[in-house]
$ cat my_file01.txt   # compact mmCIF, C-alpha atoms and all ligand atoms
# COMPACT_ATOMS: atom_id res chain seq x y z
CA MET B 27 -4.85 -18.85 73.21
CA LYS B 28 -3.91 -19.25 69.57
CA SER B 29 -5.51 -22.37 68.10
CA LYS B 30 -3.53 -25.26 66.73
CA LEU B 31 -4.18 -27.21 63.58
CA THR B 32 -5.11 -30.84 64.27
CA LEU B 33 -3.63 -33.48 61.98
CA GLN B 34 -5.65 -36.68 62.13
CA LEU B 35 -3.65 -39.82 62.11
CA GLY B 36 -4.20 -43.55 61.57
CA GLU B 37 -1.63 -46.20 62.46
CA LEU B 38 -1.08 -49.77 61.26
CA PHE B 39 1.27 -52.11 63.23
CA VAL B 40 1.00 -49.73 66.18
CA GLY B 41 2.64 -52.05 68.76
CA ALA B 42 2.95 -50.39 72.17
CA GLY B 43 2.82 -47.04 70.36
CA GLY B 44 6.33 -45.52 70.40
CA LEU B 45 5.71 -43.86 67.05
CA SER B 46 2.25 -42.51 67.99
CA LEU B 47 3.42 -41.34 71.36
CA GLY B 48 6.24 -39.31 69.80
CA LEU B 49 3.84 -37.73 67.31
CA ILE B 50 1.34 -36.89 70.06
CA LEU B 51 4.07 -35.37 72.26
CA ALA B 52 5.82 -33.52 69.40
CA ASP B 53 4.97 -30.12 70.85
CA HIS B 54 4.74 -28.17 67.61
CA PRO B 55 3.73 -24.57 68.32
CA ARG B 56 1.07 -24.55 65.58
CA ALA B 57 -0.03 -28.14 65.00
CA GLN B 58 -0.76 -31.34 66.83
CA PHE B 59 -1.49 -34.95 66.02
CA GLN B 60 -4.66 -36.77 67.06
CA PRO B 61 -4.72 -40.53 66.45
CA LEU B 62 -8.11 -41.74 65.19
CA PHE B 63 -7.38 -45.45 64.93
CA ALA B 64 -4.61 -47.92 65.75
CA ILE B 65 -4.35 -51.53 64.54
CA ASP B 66 -2.18 -54.43 65.71
CA ASN B 67 -2.69 -58.18 66.14
CA ASP B 68 -0.82 -58.42 69.46
CA LYS B 69 -3.12 -58.11 72.44
CA GLU B 70 -0.44 -57.25 74.97
CA SER B 71 1.04 -54.48 72.83
CA LEU B 72 -2.41 -52.95 72.49
CA LEU B 73 -2.89 -53.11 76.26
CA SER B 74 0.24 -50.96 76.57
CA TYR B 75 -0.96 -48.57 73.88
CA GLN B 76 -4.37 -48.19 75.45
CA HIS B 77 -3.17 -47.92 79.04
CA ASN B 78 -0.71 -45.13 78.28
CA LEU B 79 -2.93 -43.13 75.96
CA GLU B 80 -5.62 -43.25 78.63
CA TRP B 81 -3.05 -41.92 81.09
CA LEU B 82 -2.32 -39.03 78.71
CA LEU B 83 -6.00 -38.33 78.16
CA LYS B 84 -6.56 -38.19 81.89
CA ASN B 85 -3.50 -36.13 82.75
CA THR B 86 -3.00 -33.85 79.74
CA GLN B 87 -6.21 -33.49 77.80
CA LYS B 88 -4.82 -30.64 75.76
CA ILE B 89 -2.24 -32.96 74.23
CA LEU B 90 -4.61 -35.86 73.62
CA PRO B 91 -8.23 -34.69 73.52
CA LYS B 92 -9.78 -38.09 72.68
CA MET B 93 -8.95 -41.79 72.53
CA PRO B 94 -8.45 -43.44 69.15
CA VAL B 95 -10.37 -46.57 68.12
CA VAL B 96 -8.07 -49.50 68.96
CA ILE B 97 -8.43 -52.60 66.78
CA ASN B 98 -6.94 -55.96 67.71
CA ALA B 99 -6.85 -57.77 64.36
CA ASP B 100 -4.71 -59.17 61.62
CA ILE B 101 -4.26 -56.19 59.35
CA LYS B 102 -5.01 -58.35 56.31
CA LYS B 103 -8.52 -58.96 57.62
CA VAL B 104 -9.41 -55.36 58.46
CA ASN B 105 -12.01 -53.88 56.14
CA THR B 106 -10.68 -50.36 55.80
CA LEU B 107 -13.83 -48.97 54.17
CA ASP B 108 -15.94 -50.16 57.12
CA LEU B 109 -13.38 -48.59 59.44
CA LEU B 110 -13.53 -45.25 57.61
CA GLY B 111 -17.33 -45.45 57.83
CA GLU B 112 -17.18 -46.03 61.58
CA LEU B 113 -14.93 -42.98 61.92
CA GLN B 114 -17.20 -40.93 59.62
CA LEU B 115 -14.34 -40.38 57.24
CA GLN B 116 -14.41 -40.56 53.45
CA VAL B 117 -11.66 -42.04 51.29
CA ASN B 118 -9.05 -39.21 50.83
CA ASP B 119 -9.93 -37.56 54.20
CA LEU B 120 -7.31 -38.91 56.60
CA ASP B 121 -4.36 -36.52 57.03
CA LEU B 122 -1.65 -39.06 57.80
CA LEU B 123 -1.28 -42.85 57.76
CA VAL B 124 1.79 -44.21 59.56
CA GLY B 125 3.26 -47.60 60.31
CA GLY B 126 6.35 -49.70 60.75
CA SER B 127 5.74 -53.33 59.83
CA PRO B 128 7.74 -56.07 61.65
CA CYS B 129 11.41 -55.75 60.79
CA GLN B 130 12.84 -59.15 61.80
CA GLY B 131 12.36 -60.26 58.18
CA PHE B 132 14.83 -57.67 56.95
CA SER B 133 17.89 -59.17 58.62
CA SER B 134 20.60 -61.19 56.96
CA SER B 135 19.91 -64.82 57.92
CA ASN B 136 17.40 -66.55 55.66
CA ARG B 137 16.99 -70.31 55.80
CA GLY B 138 14.18 -72.90 55.97
CA ALA B 139 11.13 -72.33 58.20
CA GLU B 140 12.77 -69.18 59.54
CA ALA B 141 13.04 -67.85 55.98
CA ARG B 142 9.36 -68.57 55.29
CA LYS B 143 8.32 -66.73 58.46
CA LYS B 144 10.52 -63.82 57.51
CA SER B 145 9.13 -63.76 54.00
CA GLN B 146 5.59 -63.55 55.42
CA GLN B 147 6.66 -60.68 57.65
CA ASN B 148 8.24 -58.91 54.69
CA SER B 149 4.95 -59.13 52.81
CA LEU B 150 3.37 -57.04 55.58
CA ALA B 151 5.33 -54.06 54.24
CA LYS B 152 3.24 -54.46 51.08
CA ILE B 153 -0.01 -54.74 53.05
CA PHE B 154 0.60 -51.23 54.38
CA LEU B 155 0.53 -49.94 50.82
CA ASP B 156 -2.56 -52.01 49.94
CA LYS B 157 -4.41 -50.42 52.86
CA MET B 158 -3.04 -47.01 51.94
CA GLY B 159 -4.45 -47.46 48.43
CA GLU B 160 -7.89 -47.98 50.00
CA ILE B 161 -7.70 -45.13 52.54
CA ARG B 162 -5.78 -42.70 50.32
CA PRO B 163 -4.46 -40.50 53.13
CA LYS B 164 -3.09 -37.07 52.30
CA MET B 165 0.34 -38.05 53.62
CA PHE B 166 1.97 -41.27 54.78
CA LEU B 167 5.04 -42.31 56.72
CA ILE B 168 6.67 -45.74 56.77
CA GLU B 169 9.41 -46.48 59.31
CA ASN B 170 11.61 -49.56 59.13
CA VAL B 171 15.16 -50.84 59.47
CA GLN B 172 17.87 -50.06 56.91
CA GLY B 173 17.70 -53.70 55.81
CA VAL B 174 14.79 -52.84 53.47
CA GLY B 175 17.56 -51.47 51.25
CA TRP B 176 19.24 -54.87 50.83
CA THR B 177 16.40 -57.37 51.32
CA LYS B 178 15.11 -58.91 48.10
CA ILE B 179 11.38 -58.58 47.39
CA THR B 180 9.10 -61.55 48.11
CA SER B 181 6.85 -63.19 45.53
CA SER B 182 3.86 -61.28 46.94
CA MET B 183 5.53 -57.96 46.17
CA GLN B 184 4.28 -57.59 42.62
CA LEU B 185 3.94 -54.01 41.54
CA VAL B 186 0.30 -53.14 40.93
CA MET B 187 0.28 -50.27 38.49
CA GLN B 188 -2.48 -47.70 38.58
CA LYS B 189 -3.76 -46.47 35.24
CA ASP B 190 -1.61 -43.55 33.97
CA SER B 191 0.98 -44.36 36.61
CA PRO B 192 4.09 -42.24 36.08
CA VAL B 193 6.32 -44.92 37.56
CA ALA B 194 8.84 -46.92 35.53
CA THR B 195 8.13 -50.62 35.13
CA LYS B 196 11.66 -51.67 36.13
CA LYS B 197 11.55 -54.62 38.54
CA PRO B 198 12.48 -53.40 42.04
CA LYS B 199 15.83 -54.78 43.27
CA ASN B 200 14.91 -54.68 46.95
CA VAL B 201 12.08 -53.91 49.36
CA ARG B 202 13.00 -50.22 49.53
CA GLU B 203 12.68 -49.86 45.73
CA PHE B 204 9.41 -51.78 45.85
CA LEU B 205 7.96 -49.44 48.49
CA ILE B 206 9.05 -46.36 46.53
CA GLN B 207 7.77 -47.61 43.17
CA GLN B 208 4.48 -48.93 44.54
CA SER B 209 3.63 -45.78 46.48
CA THR B 210 4.55 -43.65 43.46
CA SER B 211 2.28 -45.80 41.35
CA LEU B 212 -0.51 -45.25 43.88
CA GLY B 213 -0.28 -41.53 43.12
CA TYR B 214 2.11 -40.26 45.79
CA THR B 215 5.29 -38.22 45.57
CA VAL B 216 7.83 -39.69 47.96
CA TRP B 217 11.03 -38.87 49.82
CA HIS B 218 13.13 -41.35 51.77
CA GLY B 219 15.96 -40.96 54.21
CA ILE B 220 18.10 -42.71 56.81
CA ILE B 221 17.99 -41.12 60.25
CA ASN B 222 19.72 -41.85 63.55
CA ALA B 223 17.90 -41.55 66.88
CA LYS B 224 21.01 -40.10 68.58
CA ASP B 225 20.75 -36.99 66.37
CA PHE B 226 17.40 -36.17 67.99
CA GLY B 227 18.44 -36.41 71.63
CA VAL B 228 17.74 -40.13 72.11
CA PRO B 229 20.60 -41.70 74.11
CA GLN B 230 20.94 -44.46 71.51
CA ASP B 231 22.62 -45.14 68.20
CA ARG B 232 19.61 -46.48 66.27
CA VAL B 233 19.54 -46.03 62.52
CA ARG B 234 16.23 -46.23 60.70
CA PHE B 235 14.78 -45.90 57.19
CA ILE B 236 11.84 -43.55 56.68
CA LEU B 237 9.65 -43.12 53.62
CA PHE B 238 7.37 -40.07 53.48
CA GLY B 239 4.80 -39.45 50.79
CA VAL B 240 2.23 -36.83 49.81
CA ARG B 241 -0.77 -37.44 47.55
CA ASN B 242 -0.15 -35.88 44.15
CA ASP B 243 -3.42 -33.94 43.90
CA LEU B 244 -2.36 -31.83 46.92
CA ILE B 245 0.96 -30.58 45.56
CA ASN B 246 2.40 -29.41 42.28
CA GLU B 247 5.43 -30.65 40.42
CA SER B 248 7.76 -28.12 41.99
CA THR B 249 6.82 -28.93 45.61
CA ASP B 250 9.89 -30.18 47.46
CA ILE B 251 8.62 -32.92 49.74
CA SER B 252 11.96 -33.76 51.34
CA LEU B 253 11.80 -33.73 55.14
CA GLU B 254 15.57 -33.36 55.37
CA SER B 255 15.77 -29.63 55.99
CA TYR B 256 12.88 -29.82 58.47
CA LEU B 257 14.60 -32.64 60.35
CA GLU B 258 17.76 -30.54 60.55
CA LYS B 259 15.93 -27.41 61.70
CA ARG B 260 16.18 -28.01 65.44
CA PRO B 261 19.72 -29.24 66.01
CA ILE B 262 20.54 -30.72 69.40
CA ALA B 263 23.43 -29.07 71.24
CA THR B 264 25.07 -32.32 72.37
CA GLN B 265 24.18 -35.98 72.15
CA THR B 266 22.52 -37.54 75.18
CA THR B 267 24.75 -40.12 76.85
CA VAL B 268 23.87 -43.26 78.79
CA HIS B 269 25.07 -41.41 81.91
CA ASP B 270 22.62 -38.53 81.27
CA ALA B 271 19.83 -41.05 80.81
CA ILE B 272 20.20 -43.57 83.64
CA SER B 273 22.77 -42.54 86.25
CA ASP B 274 20.08 -41.10 88.57
CA LEU B 275 18.31 -44.46 88.89
CA PRO B 276 18.93 -46.13 92.26
CA ARG B 277 21.47 -48.94 92.52
CA ILE B 278 19.80 -52.38 92.52
CA GLY B 279 21.15 -55.91 92.33
CA ASN B 280 20.62 -58.92 90.09
CA GLY B 281 16.95 -60.01 90.10
CA GLU B 282 15.85 -57.10 92.29
CA THR B 283 12.98 -54.62 92.03
CA TRP B 284 13.39 -51.15 93.49
CA ASN B 285 10.69 -50.46 96.06
CA GLY B 286 12.20 -47.49 97.86
CA ASN B 287 10.85 -43.98 98.25
CA ASP B 288 14.10 -42.02 98.21
CA TYR B 289 14.49 -41.58 94.46
CA HIS B 290 15.69 -38.14 93.31
CA PRO B 291 15.71 -37.59 89.56
CA SER B 292 18.60 -35.63 87.99
CA ASP B 293 17.62 -32.24 86.71
CA ASN B 294 19.32 -32.52 83.33
CA GLU B 295 17.28 -31.65 80.22
CA TYR B 296 16.80 -35.26 79.22
CA ILE B 297 15.41 -36.39 82.57
CA LYS B 298 13.12 -33.34 82.60
CA LYS B 299 11.70 -34.58 79.30
CA MET B 300 11.35 -38.12 80.62
CA ARG B 301 9.44 -36.90 83.67
CA ARG B 302 7.26 -34.30 81.95
CA PHE B 303 3.67 -34.37 83.32
CA MET B 304 4.73 -36.30 86.44
CA LEU B 305 3.67 -34.54 89.60
CA ASN B 306 5.48 -36.72 92.13
CA GLY B 307 8.68 -38.69 92.63
CA ASP B 308 7.26 -42.01 91.43
CA LEU B 309 9.62 -44.50 89.88
CA SER B 310 8.29 -47.72 88.40
CA ASP B 311 9.56 -50.77 86.55
CA HIS B 312 13.09 -50.48 87.90
CA PHE B 313 13.56 -54.26 88.04
CA THR B 314 16.29 -56.54 86.75
CA THR B 315 16.29 -60.12 85.50
CA ASN B 316 17.55 -62.81 87.86
CA HIS B 317 20.57 -64.11 85.91
CA SER B 318 22.45 -67.27 86.97
CA GLN B 319 25.80 -66.94 88.74
CA TYR B 320 27.74 -68.08 85.63
CA VAL B 321 26.17 -65.21 83.66
CA LEU B 322 27.14 -62.70 86.38
CA ASP B 323 30.70 -64.14 86.30
CA ARG B 324 30.77 -63.48 82.57
CA PHE B 325 29.48 -59.91 83.07
CA LYS B 326 32.43 -59.19 85.38
CA CYS B 327 34.92 -59.91 82.58
CA ILE B 328 33.38 -57.48 80.09
CA PRO B 329 34.54 -53.82 80.08
CA GLN B 330 32.40 -50.87 78.97
CA GLY B 331 31.94 -51.16 75.20
CA GLY B 332 33.02 -54.83 75.26
CA ASN B 333 30.83 -57.77 74.24
CA TRP B 334 30.87 -61.59 74.14
CA LYS B 335 34.30 -61.49 72.47
CA SER B 336 35.84 -60.66 75.89
CA ILE B 337 34.56 -64.02 77.18
CA LYS B 338 34.75 -66.13 74.01
CA ASP B 339 36.36 -69.07 75.87
CA LYS B 340 33.43 -69.14 78.34
CA MET B 341 30.66 -69.20 75.74
CA GLU B 342 30.30 -73.02 75.59
CA ASN B 343 26.48 -72.80 75.38
CA TYR B 344 26.59 -70.84 72.07
CA SER B 345 26.75 -73.29 69.14
CA ASP B 346 27.73 -70.87 66.34
CA ILE B 347 29.89 -68.53 68.38
CA ASP B 348 31.60 -66.76 65.48
CA ASN B 349 28.26 -65.69 64.03
CA THR B 350 27.06 -64.23 67.33
CA HIS B 351 25.79 -60.66 67.00
CA SER B 352 28.15 -57.99 68.37
CA ASN B 353 25.39 -56.69 70.67
CA ILE B 354 25.25 -59.95 72.67
CA TYR B 355 26.70 -59.54 76.18
CA ARG B 356 27.46 -55.92 75.36
CA ARG B 357 28.24 -53.58 78.23
CA LEU B 358 26.99 -50.02 77.80
CA VAL B 359 29.46 -47.12 77.74
CA TYR B 360 28.52 -44.35 80.16
CA LYS B 361 29.91 -41.41 78.19
CA THR B 362 28.29 -42.10 74.77
CA PRO B 363 24.79 -42.90 73.50
CA ALA B 364 23.90 -46.62 73.85
CA HIS B 365 24.19 -49.15 71.04
CA THR B 366 20.87 -50.19 69.43
CA ILE B 367 18.60 -51.57 72.14
CA SER B 368 16.97 -54.80 71.02
CA HIS B 369 15.41 -57.30 73.46
CA TYR B 370 17.73 -56.22 76.29
CA ARG B 371 17.24 -59.38 78.39
CA LYS B 372 17.76 -61.86 75.55
CA SER B 373 20.79 -59.86 74.36
CA MET B 374 22.17 -59.79 77.94
CA THR B 375 22.77 -56.03 77.81
CA ILE B 376 24.95 -55.03 80.80
CA HIS B 377 24.81 -51.93 83.00
CA PRO B 378 27.93 -49.71 82.48
CA ARG B 379 29.17 -49.93 86.09
CA GLN B 380 27.08 -52.52 87.94
CA ASN B 381 27.51 -56.26 87.27
CA ARG B 382 23.92 -56.94 86.30
CA GLY B 383 21.57 -56.76 83.37
CA LEU B 384 19.69 -53.55 82.60
CA SER B 385 16.47 -52.77 84.39
CA MET B 386 13.26 -52.26 82.43
CA ARG B 387 13.21 -48.56 83.40
CA GLU B 388 16.82 -48.14 82.25
CA ALA B 389 15.98 -49.73 78.91
CA CYS B 390 12.89 -47.48 78.65
CA ARG B 391 15.06 -44.42 79.30
CA LEU B 392 17.48 -45.50 76.55
CA GLN B 393 14.52 -45.78 74.18
CA SER B 394 13.21 -42.35 75.39
CA PHE B 395 9.94 -43.72 76.81
CA PRO B 396 8.81 -41.34 79.57
CA ASP B 397 8.87 -42.47 83.21
CA TRP B 398 5.07 -42.54 83.40
CA PHE B 399 4.88 -45.00 80.49
CA ARG B 400 4.08 -48.50 81.78
CA PHE B 401 4.39 -51.43 79.39
CA GLN B 402 1.66 -54.04 79.93
CA GLY B 403 1.59 -57.83 79.59
CA LYS B 404 4.12 -60.49 80.59
CA LYS B 405 7.67 -59.32 81.18
CA ASP B 406 8.98 -60.97 78.02
CA SER B 407 6.28 -59.30 75.96
CA GLN B 408 7.01 -55.92 77.57
CA GLN B 409 10.69 -56.29 76.68
CA GLN B 410 9.83 -57.21 73.09
CA GLN B 411 7.38 -54.32 72.73
CA LEU B 412 10.09 -51.97 73.94
CA ALA B 413 12.62 -53.42 71.50
CA ASN B 414 10.16 -53.10 68.60
CA ALA B 415 9.31 -49.48 69.28
CA VAL B 416 10.32 -46.31 67.52
CA PRO B 417 11.97 -44.14 70.21
CA PRO B 418 9.26 -41.55 70.96
CA LEU B 419 11.77 -38.69 70.93
CA MET B 420 12.83 -39.59 67.39
CA ALA B 421 9.16 -39.89 66.41
CA SER B 422 8.59 -36.39 67.84
CA ALA B 423 11.33 -35.03 65.56
CA ILE B 424 9.62 -36.69 62.59
CA GLY B 425 6.28 -35.26 63.76
CA LEU B 426 7.70 -31.73 63.97
CA ALA B 427 9.11 -32.11 60.46
CA ILE B 428 5.79 -33.35 59.04
CA ALA B 429 3.88 -30.56 60.78
CA ASP B 430 6.33 -27.97 59.38
CA PHE B 431 5.94 -29.47 55.92
CA TRP B 432 2.16 -29.36 56.21
CA LEU B 433 2.11 -25.75 57.36
CA ASP B 434 4.46 -24.70 54.54
CA HIS B 435 2.75 -26.58 51.72
CA LEU B 436 -0.69 -27.96 52.57
CA SER B 437 -2.17 -25.61 55.15
CA GLU B 438 -4.69 -24.15 52.73
CA ILE B 439 -6.44 -27.54 52.59
CA LYS B 440 -8.00 -27.37 56.00
CA LYS B 441 -8.18 -24.99 58.85
CA TYR B 442 -9.72 -26.36 61.95
CA SER B 443 -8.67 -26.72 65.51
CA HIS B 444 -9.79 -27.99 68.86
CA GLU B 445 -8.30 -25.51 71.29
C1 LIG B 501 7.96 -53.10 64.64
S1 LIG B 501 6.50 -53.37 65.58
C2 LIG B 501 5.78 -51.76 65.58
C3 LIG B 501 6.27 -50.88 66.66
C4 LIG B 501 5.62 -49.52 66.70
N1 LIG B 501 5.82 -48.76 65.48
C5 LIG B 501 6.12 -48.69 67.88
O1 LIG B 501 6.73 -47.65 67.65
O2 LIG B 501 5.89 -49.09 69.05
C6 LIG B 501 5.50 -54.25 64.46
C7 LIG B 501 4.12 -54.60 64.97
O3 LIG B 501 3.39 -55.27 63.93
C8 LIG B 501 2.47 -56.14 64.55
N2 LIG B 501 2.00 -57.13 63.56
C9 LIG B 501 2.69 -58.17 63.03
N3 LIG B 501 1.93 -58.85 62.15
C10 LIG B 501 0.72 -58.21 62.11
C11 LIG B 501 -0.48 -58.44 61.40
N4 LIG B 501 -0.58 -59.46 60.54
N5 LIG B 501 -1.52 -57.62 61.61
C12 LIG B 501 -1.42 -56.58 62.49
N6 LIG B 501 -0.29 -56.31 63.19
C13 LIG B 501 0.77 -57.11 63.00
C14 LIG B 501 3.26 -56.74 65.71
O4 LIG B 501 2.42 -57.26 66.71
C15 LIG B 501 4.10 -55.53 66.17
O5 LIG B 501 3.47 -54.89 67.26
$ encode --input "my_file01.txt" --output "structure tokens" --more "lines below"
Ligand SMILES: C[S@@+](CC[C@H](N)C(=O)[O-])C[C@H]1O[C@@H](n2cnc3c(N)ncnc32)[C@H](O)[C@@H]1O
Amino acid sequence: MKSKLTLQLGELFVGAGGLSLGLILADHPRAQFQPLFAIDNDKESLLSYQHNLEWLLKNTQKILPKMPVVINADIKKVNTLDLLGELQLQVNDLDLLVGGSPCQGFSSSNRGAEARKKSQQNSLAKIFLDKMGEIRPKMFLIENVQGVGWTKITSSMQLVMQKDSPVATKKPKNVREFLIQQSTSLGYTVWHGIINAKDFGVPQDRVRFILFGVRNDLINESTDISLESYLEKRPIATQTTVHDAISDLPRIGNGETWNGNDYHPSDNEYIKKMRRFMLNGDLSDHFTTNHSQYVLDRFKCIPQGGNWKSIKDKMENYSDIDNTHSNIYRRLVYKTPAHTISHYRKSMTIHPRQNRGLSMREACRLQSFPDWFRFQGKKDSQQQQLANAVPPLMASAIGLAIADFWLDHLSEIKKYSHE
């Protein structure tokens, strides 16, 4: 069998691992990603990461030959040089560093204690670059929400200029400009773009910012490092709808867990992807939240595509009703991709046809997590981990693009494989 190039990867803010999982499963014909380390300070997210990577290792060793080192720590306290030593890597060796720092800080409301918390979270975007400056990977990828383009920088986001830095000294207007200027100053050439998960087969309208960079000593001035053409290389025939993604899941009621054994998955292309590697008809985590009767009565009044506005007169328990987010009490539309899936229980996301909240498995399907993927920890934590994640199928598209870029421009650097 022809050997594949292995791209070694490190991840900060790994969460439950949506981004890693997509990279690992990218299925490039000539390259594959092997995570070497993963860092997060949330124990339950790391339990999910570890549990599911171990599942992959056990069931598909070709795709994941070995487990990464998993580190449960505040990223600020991790000594990256010790970590590189433990992995027997030198500075400059790592192929790819990736990460998406918490994004709650990049939303519009900004007052008092909430604002301070958000400001601290925003500073984590800078910590990624500090760590990158120590590791000096060959390439890096940052994923975040579009809000980085309109969120002002925090006081900790002072540009640290390297000697001979080619970057202008203009003060960045927002976090996006800061990230671009600071990574350029660290000696990287960067490209950034806005991508939508629904363009990569994910049954969800989820728009995200990505920043990709390549270390300057590996390329020359004429190298085009844009991932745009690579991302457009494998167009999807049609968008995946909510119906494609969840209509095969058995009917259950409010507060119920499906325990049957008569589940028959659809054989559409999306469900085949979701059930890849599964050898039996198992179906897990198809459970719904037990909502009160008054909530179910509200659900009944909301049509597909509607939200809390259909029941405005009933929303007495919402103090600032006119500032309520449009995704609250939103009922999914069967024939289109879903709206952005946040914490589906807190947002009261409603099934398109049944008068109940979504099940965990339905929400996983809408985020393109495979059916064998089991989130770990308390239910609330599982739901938050899912909301935080990069949809793996979108991450796979990014992985394919990065692998194509590498093979076109950097493949002379190293030639080794594991197959
Ligand atoms: C947006 S989520 C990342 C999701 C991940 N990219 C995925 O696809 O599943 C951000 C993560 O940063 C972690 N985090 C927040 N503050 C941190 C810190 N100080 N050190 C390490 N991790 C932190 C959170 O626990 C959370 O899992």
$ residues_around --input "my_file01.txt" --residues "Pro418 of chain B" --least-positions-apart "2" --cutoff "8 Å" --atoms "all atoms listed in the file" --output "JSON, numbers by chain"
{"B": [44, 45, 46, 47, 48, 49, 393, 394, 395, 416, 420, 421, 422]}
$ closest_residue --input "my_file01.txt" --among "B:Ser373, B:Val117, B:Ser211, B:Arg232" --to "Thr350 of chain B" --atoms "only C-alpha atoms"
B:Ser373
$ residues_near_ligand --input "my_file01.txt" --ligand "ligand LIG 501 (chain B)" --cutoff "10 Å" --atoms "all atoms listed in the file" --output "PyMOL selection string"
chain B and resi 37-48+64-72+74-75+97-104+124-130+146-151+153-154+168-171+410-418+421
$ residues_around --input "my_file01.txt" --residues "Leu244 of chain B" --least-positions-apart "4" --cutoff "12 Å" --atoms "all atoms listed in the file" --output "list in words"
Asn118, Asp119, Asp121, Arg162, Pro163, Lys164, Met165, Gly213, Tyr214, Thr215, Gly239, Val240, Ser248, Thr249, Ile251, Trp432, His435, Leu436, Ser437, Glu438, Ile439 and Lys440 of chain B
$ residues_around --input "my_file01.txt" --residues "segment 321-331 of chain B" --least-positions-apart "3" --cutoff "8 Å" --atoms "all atoms listed in the file" --output "list in words"
His317, Ser318, Trp334, Ser336, Ile337, Lys340, Tyr355, Arg356, Arg357, Leu358, Val359, Tyr360, Ile376, Pro378, Arg379, Asn381 and Arg382 of chain B
$ write_last_selection --input "my_file01.txt" --atoms "C-alpha atoms" --output "PDB file, keeping the file's coordinate frame"
ATOM      1  CA  HIS B 317      20.570 -64.110  85.910  1.00  0.00           C
ATOM      2  CA  SER B 318      22.450 -67.270  86.970  1.00  0.00           C
ATOM      3  CA  TRP B 334      30.870 -61.590  74.140  1.00  0.00           C
ATOM      4  CA  SER B 336      35.840 -60.660  75.890  1.00  0.00           C
ATOM      5  CA  ILE B 337      34.560 -64.020  77.180  1.00  0.00           C
ATOM      6  CA  LYS B 340      33.430 -69.140  78.340  1.00  0.00           C
ATOM      7  CA  TYR B 355      26.700 -59.540  76.180  1.00  0.00           C
ATOM      8  CA  ARG B 356      27.460 -55.920  75.360  1.00  0.00           C
ATOM      9  CA  ARG B 357      28.240 -53.580  78.230  1.00  0.00           C
ATOM     10  CA  LEU B 358      26.990 -50.020  77.800  1.00  0.00           C
ATOM     11  CA  VAL B 359      29.460 -47.120  77.740  1.00  0.00           C
ATOM     12  CA  TYR B 360      28.520 -44.350  80.160  1.00  0.00           C
ATOM     13  CA  ILE B 376      24.950 -55.030  80.800  1.00  0.00           C
ATOM     14  CA  PRO B 378      27.930 -49.710  82.480  1.00  0.00           C
ATOM     15  CA  ARG B 379      29.170 -49.930  86.090  1.00  0.00           C
ATOM     16  CA  ASN B 381      27.510 -56.260  87.270  1.00  0.00           C
ATOM     17  CA  ARG B 382      23.920 -56.940  86.300  1.00  0.00           C
TER      18      ARG B 382
END
$ closest_residue --input "my_file01.txt" --among "B:Leu433, B:Ile245, B:Leu253, B:Ile428" --to "Leu35 of chain B" --atoms "all atoms listed in the file"
B:Ile428
$ atom_distance --input "my_file01.txt" --atom1 "atom CA of Asn85 of chain B" --atom2 "atom CA of Leu73 of chain B"
18.2 Å
$ atom_distance --input "my_file01.txt" --atom1 "atom CA of Ala57 of chain B" --atom2 "atom CA of Ala271 of chain B"
28.5 Å
$ closest_residue --input "my_file01.txt" --among "B:Gln207, B:Asn349, B:Ser368, B:Thr177" --to "Gly131 of chain B" --atoms "only C-alpha atoms"
B:Thr177
$ atom_distance --input "my_file01.txt" --atom1 "atom CA of Ile50 of chain B" --atom2 "atom CA of Asn246 of chain B"
28.8 Å
$ closest_residue --input "my_file01.txt" --among "B:Leu237, B:Leu212, B:Leu82, B:Leu384" --to "Ile424 of chain B" --atoms "only C-alpha atoms"
B:Leu237
$ residues_around --input "my_file01.txt" --residues "Gln409 of chain B" --least-positions-apart "3" --cutoff "8 Å" --atoms "all atoms listed in the file" --output "number ranges by chain"
B: 369-371, 386, 405-406, 412-413
$ write_last_selection --input "my_file01.txt" --atoms "C-alpha atoms" --output "PDB file, in the frame of the given file"
ATOM      1  CA  HIS B 369      15.410 -57.300  73.460  1.00  0.00           C
ATOM      2  CA  TYR B 370      17.730 -56.220  76.290  1.00  0.00           C
ATOM      3  CA  ARG B 371      17.240 -59.380  78.390  1.00  0.00           C
ATOM      4  CA  MET B 386      13.260 -52.260  82.430  1.00  0.00           C
ATOM      5  CA  LYS B 405       7.670 -59.320  81.180  1.00  0.00           C
ATOM      6  CA  ASP B 406       8.980 -60.970  78.020  1.00  0.00           C
ATOM      7  CA  LEU B 412      10.090 -51.970  73.940  1.00  0.00           C
ATOM      8  CA  ALA B 413      12.620 -53.420  71.500  1.00  0.00           C
TER       9      ALA B 413
END
$ closest_residue --input "my_file01.txt" --among "B:Gly307, B:Arg260, B:Ile367, B:Glu160" --to "Asp108 of chain B" --atoms "only C-alpha atoms"
B:Glu160
$ closest_residue --input "my_file01.txt" --among "B:Gln265, B:Gln319, B:Gln76, B:Gln402" --to "Asn280 of chain B" --atoms "all atoms listed in the file"
B:Gln319
$ residues_around --input "my_file01.txt" --residues "Pro261 of chain B" --least-positions-apart "4" --cutoff "9 Å" --atoms "only C-alpha atoms" --output "ChimeraX atom specification"
/B:225-226,257
$ axis_aligned_box --input "my_file01.txt" --around "segment 240-258 of chain B" --padding-each-side "3 Å" --output "lines of an AutoDock Vina configuration file"
center_x = 7.2
center_y = -32.8
center_z = 50.5
size_x = 27.2
size_y = 15.3
size_z = 26.1
